[in-house]
Amino acid sequence: MSWDRPPAGSASPVTDDIDRTPVDDADVCVIGAGPAGGIVADRLAGAGREVVILEAGPRFDPDDRLARQERAIRPAYDRPDVWDGDPERDAYESTGERFYPLNHARARGVGGSTLHWQGMVMRLHEDDFASESARGVGTDWPIDYDDLRPYYAAAERELGVSGADDNPFAPPREQPHPMPAFPPSYSDSLFAEACDELEIAMHSVPNARNSEAYDDRGACVGYGTCQPVCPSGAKYDATVHVERAERKGATVIDRAPVQRLEHTADAIEAAVYATPDGERHRQSADAFVIACGGVETPRLLLLSESSHYPDGLANSSGLVGRYFMDHLFAGTGGVLDEPTRQNHVGFLTSESHQFYDEADAEQAPFKLEFFNYDGPSPVGMALTGDDWGDDLLERLRSDYGTHIGMGALVEQLPREDSYVGLDPSTTDDHGNPVPDVHWTVGDRALETIERVNEIQERILAELGVEITWQADPEGTGPAYHHMGTTRMGSEPTESVVGPDLRTHDLENCWIASSSVFPTGGAMNPTLTIAALALKAADHVLETA
């Protein structure tokens, strides 16, 4: 079968003429227009600061979301194609013990990773902030759950979270979620019968998507393509905060990748950025917030080396790029001799944290996920076959609708030999060394995956499922949550930023990113990123 690209190929970035010259008298320069950068910019612009956001990728036209949705379901397009990945611009290397598919983990553009995320938002558990003290491994954060608790509540309001207070294993809350949770799916009801027999608790999943109208966005209408495209806008993405910041006076300069940060020994003076017309500009500001994620943040600091910082900016500790982490995926699935109604819902509606706080030095924390999208979709099947008419209909009826599966996220401990560095032998479209992701995974995570698989097998056996696939310790991969490369800590010799998210070395530079996580826990990180962004914004306002 041939797959023509139009109309999916018609999606294109916004190409209106944009003034990409620097902003005079900027108070704060935010680098990165993802969720952290958008939230910081919105908070600072709302407080009357002159804010400029520099974003390496383009601004996308929301009217093209249906075309991008079509890209996501057509086999002619790989995942990076959905949001206009560029092989030269996005070049990278992966030289660790495990290959890291970086370009499946990121989207360059205004909105950042939330352009293609699934939208699940959980708070870390209390012990996640004290891994060394409570579990005997890893390191403790310099803040605890109570320090972040009010920011978690604010982040849930900012993102618009639908959830319920039905998780007996979750950390304490101060108020309900902004919207009610999505109801359990049909396949959740199948899992519930098996879990009841095995005394495994199920509960709802908090989602950053509207279960009812909220924040001038409508309720979810069930397209089912939530990752990587929500055509309706019911799922949160960071354009919400970027555009809100613009309405408050912030300036957004897209397609402006920062090449390096000019600095003295104590402060950043300017961000040097490139533009599509080949020009380079110098954006000065009183304060800088780096919000480029767990890979591009350390890369920018390493590219900004100088006589003051020969090993990379803000790197007197030698830890910029070190302790790269991701969550490990563990999964099991198969087919059932009855309808399971998969792919009707494009996100998780039920999970289990029952085993999470059993974590210790030998077992990592993990959470179980009950899939709503296992197996092929009818559209994907139709687009990958050579049959038509009654033959196609018969194949769809025989092969679709009986798949069922489970997933899990497993914590990876921070390791100094898991890192993001520079590879000078390969350069990007501006001649800069590309990031080299050296991903190393320890035995604790791999042995925990074995236990997760055993639990998943028990549940599926109770259901009567014929198991046809499994992501085990050999077949595991990343959940695309890169964390930990500019870790937070109290001691400048053992961390890159302090509890206030300001770099130890530079008085006017803060980092708002998953890169500051000292440990990763096993929860999707975006809610914690948003909470830390709000915290960082407060600290910037105190001093800048």
# chains A, B, ... in the order shown; residues from 1 in each chain; ligands from 1
call {"tool": "select_by_dssp", "arguments": {"residues": "segment 120-353 of chain A", "states": "strand (DSSP E or B)", "output": "ChimeraX atom specification"}}
result
/A:120,130,140,162-163,179-180,203-204,207,209,214,217,235,251-253,258-263,268-274,280-284,287-290,322,325,328-335,350-352
call {"tool": "write_last_selection", "arguments": {"atoms": "C-alpha atoms", "output": "PDB file, in the first residue's frame"}}
result
ATOM      1  CA  MET A 120      -0.559  12.037  33.470  1.00  0.00           C
ATOM      2  CA  ALA A 130      14.391  11.178  51.273  1.00  0.00           C
ATOM      3  CA  ASP A 140      18.049  12.964  49.832  1.00  0.00           C
ATOM      4  CA  SER A 162      -8.742  16.031  36.708  1.00  0.00           C
ATOM      5  CA  GLY A 163      -8.479  13.612  39.610  1.00  0.00           C
ATOM      6  CA  MET A 179     -11.799  18.833  38.124  1.00  0.00           C
ATOM      7  CA  PRO A 180     -13.317  15.396  38.753  1.00  0.00           C
ATOM      8  CA  HIS A 203      -7.497   3.808  41.767  1.00  0.00           C
ATOM      9  CA  SER A 204      -7.914   6.671  39.348  1.00  0.00           C
ATOM     10  CA  ASN A 207      -4.640  13.751  34.262  1.00  0.00           C
ATOM     11  CA  ARG A 209      -6.726  17.180  30.612  1.00  0.00           C
ATOM     12  CA  TYR A 214     -11.740  24.625  32.426  1.00  0.00           C
ATOM     13  CA  ARG A 217     -10.588  25.114  27.154  1.00  0.00           C
ATOM     14  CA  LYS A 235      -5.049  18.256  27.228  1.00  0.00           C
ATOM     15  CA  THR A 251       8.127  38.619  24.405  1.00  0.00           C
ATOM     16  CA  VAL A 252       8.558  35.200  22.754  1.00  0.00           C
ATOM     17  CA  ILE A 253      11.305  34.722  20.171  1.00  0.00           C
ATOM     18  CA  VAL A 258      20.861  29.785  22.317  1.00  0.00           C
ATOM     19  CA  GLN A 259      24.439  29.045  21.316  1.00  0.00           C
ATOM     20  CA  ARG A 260      26.192  29.990  24.523  1.00  0.00           C
ATOM     21  CA  LEU A 261      25.848  32.094  27.660  1.00  0.00           C
ATOM     22  CA  GLU A 262      28.299  34.967  28.048  1.00  0.00           C
ATOM     23  CA  HIS A 263      29.327  35.464  31.649  1.00  0.00           C
ATOM     24  CA  ILE A 268      25.512  35.612  33.187  1.00  0.00           C
ATOM     25  CA  GLU A 269      25.579  38.747  31.069  1.00  0.00           C
ATOM     26  CA  ALA A 270      23.853  37.619  27.867  1.00  0.00           C
ATOM     27  CA  ALA A 271      22.433  34.715  25.890  1.00  0.00           C
ATOM     28  CA  VAL A 272      23.833  34.540  22.364  1.00  0.00           C
ATOM     29  CA  TYR A 273      21.216  33.102  20.004  1.00  0.00           C
ATOM     30  CA  ALA A 274      20.946  32.351  16.290  1.00  0.00           C
ATOM     31  CA  ARG A 280      23.339  36.080  15.811  1.00  0.00           C
ATOM     32  CA  HIS A 281      22.038  38.290  18.584  1.00  0.00           C
ATOM     33  CA  ARG A 282      22.961  38.959  22.167  1.00  0.00           C
ATOM     34  CA  GLN A 283      20.073  39.072  24.681  1.00  0.00           C
ATOM     35  CA  SER A 284      21.126  40.677  27.950  1.00  0.00           C
ATOM     36  CA  ALA A 287      18.413  37.348  35.513  1.00  0.00           C
ATOM     37  CA  PHE A 288      18.346  34.127  33.494  1.00  0.00           C
ATOM     38  CA  VAL A 289      16.187  31.042  33.927  1.00  0.00           C
ATOM     39  CA  ILE A 290      17.323  27.951  32.013  1.00  0.00           C
ATOM     40  CA  ARG A 322      26.028  13.790  35.572  1.00  0.00           C
ATOM     41  CA  MET A 325      18.114   9.267  34.849  1.00  0.00           C
ATOM     42  CA  LEU A 328      12.344   2.171  33.142  1.00  0.00           C
ATOM     43  CA  PHE A 329       9.281   0.690  31.459  1.00  0.00           C
ATOM     44  CA  ALA A 330       8.030  -2.769  32.426  1.00  0.00           C
ATOM     45  CA  GLY A 331       5.055  -4.238  30.614  1.00  0.00           C
ATOM     46  CA  THR A 332       3.121  -7.387  29.817  1.00  0.00           C
ATOM     47  CA  GLY A 333       0.177  -7.964  27.526  1.00  0.00           C
ATOM     48  CA  GLY A 334      -1.696 -10.359  25.325  1.00  0.00           C
ATOM     49  CA  VAL A 335      -5.120 -11.296  24.021  1.00  0.00           C
ATOM     50  CA  SER A 350      -6.581   3.486  36.399  1.00  0.00           C
ATOM     51  CA  GLU A 351      -3.321   2.509  38.069  1.00  0.00           C
ATOM     52  CA  SER A 352      -1.998   1.116  41.370  1.00  0.00           C
TER      53      SER A 352
END
call {"tool": "select_by_dssp", "arguments": {"residues": "segment 272-322 of chain A", "states": "helix (DSSP H, G or I)", "output": "list in words"}}
result
Gly293, Gly294, Val295, Glu296, Thr297, Pro298, Arg299, Leu300, Leu301, Leu302 and Leu303 of chain A
call {"tool": "residues_around", "arguments": {"residues": "Tyr223 of chain A", "least_positions_apart": "3", "cutoff": "10 Å", "atoms": "only C-alpha atoms", "output": "VMD selection string"}}
result
chain A and resid 69 220 226 229 to 232 343 to 346
call {"tool": "atom_distance", "arguments": {"atom1": "atom CA of Pro276 of chain A", "atom2": "atom CA of Tyr92 of chain A"}}
result
20.7 Å
call {"tool": "closest_atom_pairs", "arguments": {"of": "segment 58-106 of chain A", "to": "segment 377-387 of chain A", "cutoff": "12 Å", "atoms": "only C-alpha atoms", "output": "CSV"}}
result
residue,atom,partner,partner_atom,distance
A:Glu70,CA,A:Val379,CA,10.2
A:Arg71,CA,A:Gly380,CA,11.3
A:Ala72,CA,A:Gly380,CA,9.8
A:Ile73,CA,A:Gly380,CA,6.2
A:Arg74,CA,A:Leu383,CA,6.8
A:Pro75,CA,A:Thr384,CA,7.1
A:Ala76,CA,A:Leu383,CA,9.4
A:Tyr77,CA,A:Leu383,CA,11.8
call {"tool": "write_last_selection", "arguments": {"atoms": "all heavy atoms", "output": "compact mmCIF listing (two decimals), in the first residue's frame"}}
result
# COMPACT_ATOMS: atom_id res chain seq x y z
N GLU A 70 -3.15 13.30 11.99
CA GLU A 70 -3.10 12.33 10.90
C GLU A 70 -1.67 11.80 10.72
O GLU A 70 -1.47 10.62 10.44
CB GLU A 70 -3.60 12.96 9.60
CG GLU A 70 -3.70 11.94 8.49
CD GLU A 70 -4.32 12.51 7.23
OE1 GLU A 70 -4.94 13.60 7.29
OE2 GLU A 70 -4.19 11.87 6.18
N ARG A 71 -0.68 12.67 10.87
CA ARG A 71 0.69 12.19 10.82
C ARG A 71 0.92 11.10 11.87
O ARG A 71 1.61 10.11 11.62
CB ARG A 71 1.68 13.33 11.10
CG ARG A 71 1.87 14.31 9.97
CD ARG A 71 3.00 15.27 10.32
NE ARG A 71 3.15 16.31 9.32
CZ ARG A 71 4.09 17.23 9.36
NH1 ARG A 71 4.96 17.25 10.36
NH2 ARG A 71 4.18 18.15 8.41
N ALA A 72 0.37 11.31 13.06
CA ALA A 72 0.61 10.38 14.16
C ALA A 72 0.07 8.99 13.88
O ALA A 72 0.59 8.00 14.39
CB ALA A 72 0.00 10.93 15.45
N ILE A 73 -0.99 8.90 13.06
CA ILE A 73 -1.60 7.59 12.82
C ILE A 73 -1.19 6.98 11.48
O ILE A 73 -1.49 5.82 11.22
CB ILE A 73 -3.14 7.65 12.91
CG1 ILE A 73 -3.73 8.59 11.87
CG2 ILE A 73 -3.56 8.04 14.32
CD1 ILE A 73 -5.26 8.64 11.89
N ARG A 74 -0.50 7.76 10.63
CA ARG A 74 -0.07 7.22 9.34
C ARG A 74 1.32 6.59 9.46
O ARG A 74 2.25 7.21 9.97
CB ARG A 74 -0.02 8.34 8.29
CG ARG A 74 -1.37 8.69 7.70
CD ARG A 74 -1.23 9.78 6.65
NE ARG A 74 -2.52 10.06 6.01
CZ ARG A 74 -2.94 9.49 4.90
NH1 ARG A 74 -2.19 8.60 4.28
NH2 ARG A 74 -4.11 9.80 4.39
N PRO A 75 1.49 5.36 8.99
CA PRO A 75 2.79 4.70 9.11
C PRO A 75 3.89 5.36 8.29
O PRO A 75 5.07 5.08 8.52
CB PRO A 75 2.54 3.28 8.63
CG PRO A 75 1.19 3.26 8.03
CD PRO A 75 0.46 4.49 8.43
N ALA A 76 3.56 6.26 7.37
CA ALA A 76 4.59 6.94 6.59
C ALA A 76 5.39 7.92 7.43
O ALA A 76 6.45 8.38 7.01
CB ALA A 76 3.95 7.68 5.42
N TYR A 77 4.89 8.25 8.61
CA TYR A 77 5.56 9.22 9.47
C TYR A 77 6.08 8.54 10.72
O TYR A 77 5.37 7.79 11.40
CB TYR A 77 4.57 10.32 9.89
CG TYR A 77 4.10 11.20 8.76
CD1 TYR A 77 3.00 10.84 8.00
CD2 TYR A 77 4.77 12.37 8.45
CE1 TYR A 77 2.56 11.64 6.95
CE2 TYR A 77 4.34 13.18 7.41
CZ TYR A 77 3.24 12.81 6.67
OH TYR A 77 2.81 13.60 5.63
call {"tool": "residues_around", "arguments": {"residues": "Arg458 of chain A", "least_positions_apart": "6", "cutoff": "12 Å", "atoms": "only C-alpha atoms", "output": "ChimeraX atom specification"}}
result
/A:191,194-195,197-200,332-333,406,451-452,464-467
call {"tool": "atom_distance", "arguments": {"atom1": "atom CA of Leu319 of chain A", "atom2": "atom CA of Arg444 of chain A"}}
result
22.8 Å
call {"tool": "atom_distance", "arguments": {"atom1": "atom CA of Val121 of chain A", "atom2": "atom CA of Val28 of chain A"}}
result
28.2 Å
call {"tool": "residues_around", "arguments": {"residues": "Thr239 of chain A", "least_positions_apart": "4", "cutoff": "10 Å", "atoms": "only C-alpha atoms", "output": "PyMOL selection string"}}
result
chain A and resi 33-35+38-39+59-60+62+109-112+114-115+243-245
call {"tool": "closest_residue", "arguments": {"among": "A:Glu542, A:Gly431, A:Leu303, A:Leu422", "to": "Thr95 of chain A", "atoms": "only C-alpha atoms"}}
result
A:Leu422
call {"tool": "closest_residue", "arguments": {"among": "A:Arg299, A:Arg20, A:Arg49, A:Arg108", "to": "Asp277 of chain A", "atoms": "only C-alpha atoms"}}
result
A:Arg20
call {"tool": "residues_around", "arguments": {"residues": "Ser131 of chain A", "least_positions_apart": "3", "cutoff": "9 Å", "atoms": "only C-alpha atoms", "output": "PDB file with C-alpha atoms, in the first residue's frame"}}
result
ATOM      1  CA  ASP A 127       9.895   8.995  50.691  1.00  0.00           C
ATOM      2  CA  ASP A 128      10.957  10.016  47.181  1.00  0.00           C
ATOM      3  CA  ALA A 134      14.128   6.158  54.044  1.00  0.00           C
ATOM      4  CA  ARG A 135      15.370   3.514  51.578  1.00  0.00           C
ATOM      5  CA  GLY A 136      19.119   3.377  52.135  1.00  0.00           C
ATOM      6  CA  VAL A 137      20.066   4.235  48.540  1.00  0.00           C
ATOM      7  CA  GLY A 138      20.303   7.268  46.298  1.00  0.00           C
ATOM      8  CA  THR A 139      20.391  10.692  47.909  1.00  0.00           C
ATOM      9  CA  ASP A 140      18.049  12.964  49.832  1.00  0.00           C
ATOM     10  CA  TRP A 141      16.612  16.085  48.248  1.00  0.00           C
ATOM     11  CA  ASP A 360      14.100  -0.207  49.904  1.00  0.00           C
ATOM     12  CA  THR A 519      16.327  11.207  42.376  1.00  0.00           C
ATOM     13  CA  GLY A 521      11.002   8.302  42.004  1.00  0.00           C
TER      14      GLY A 521
END
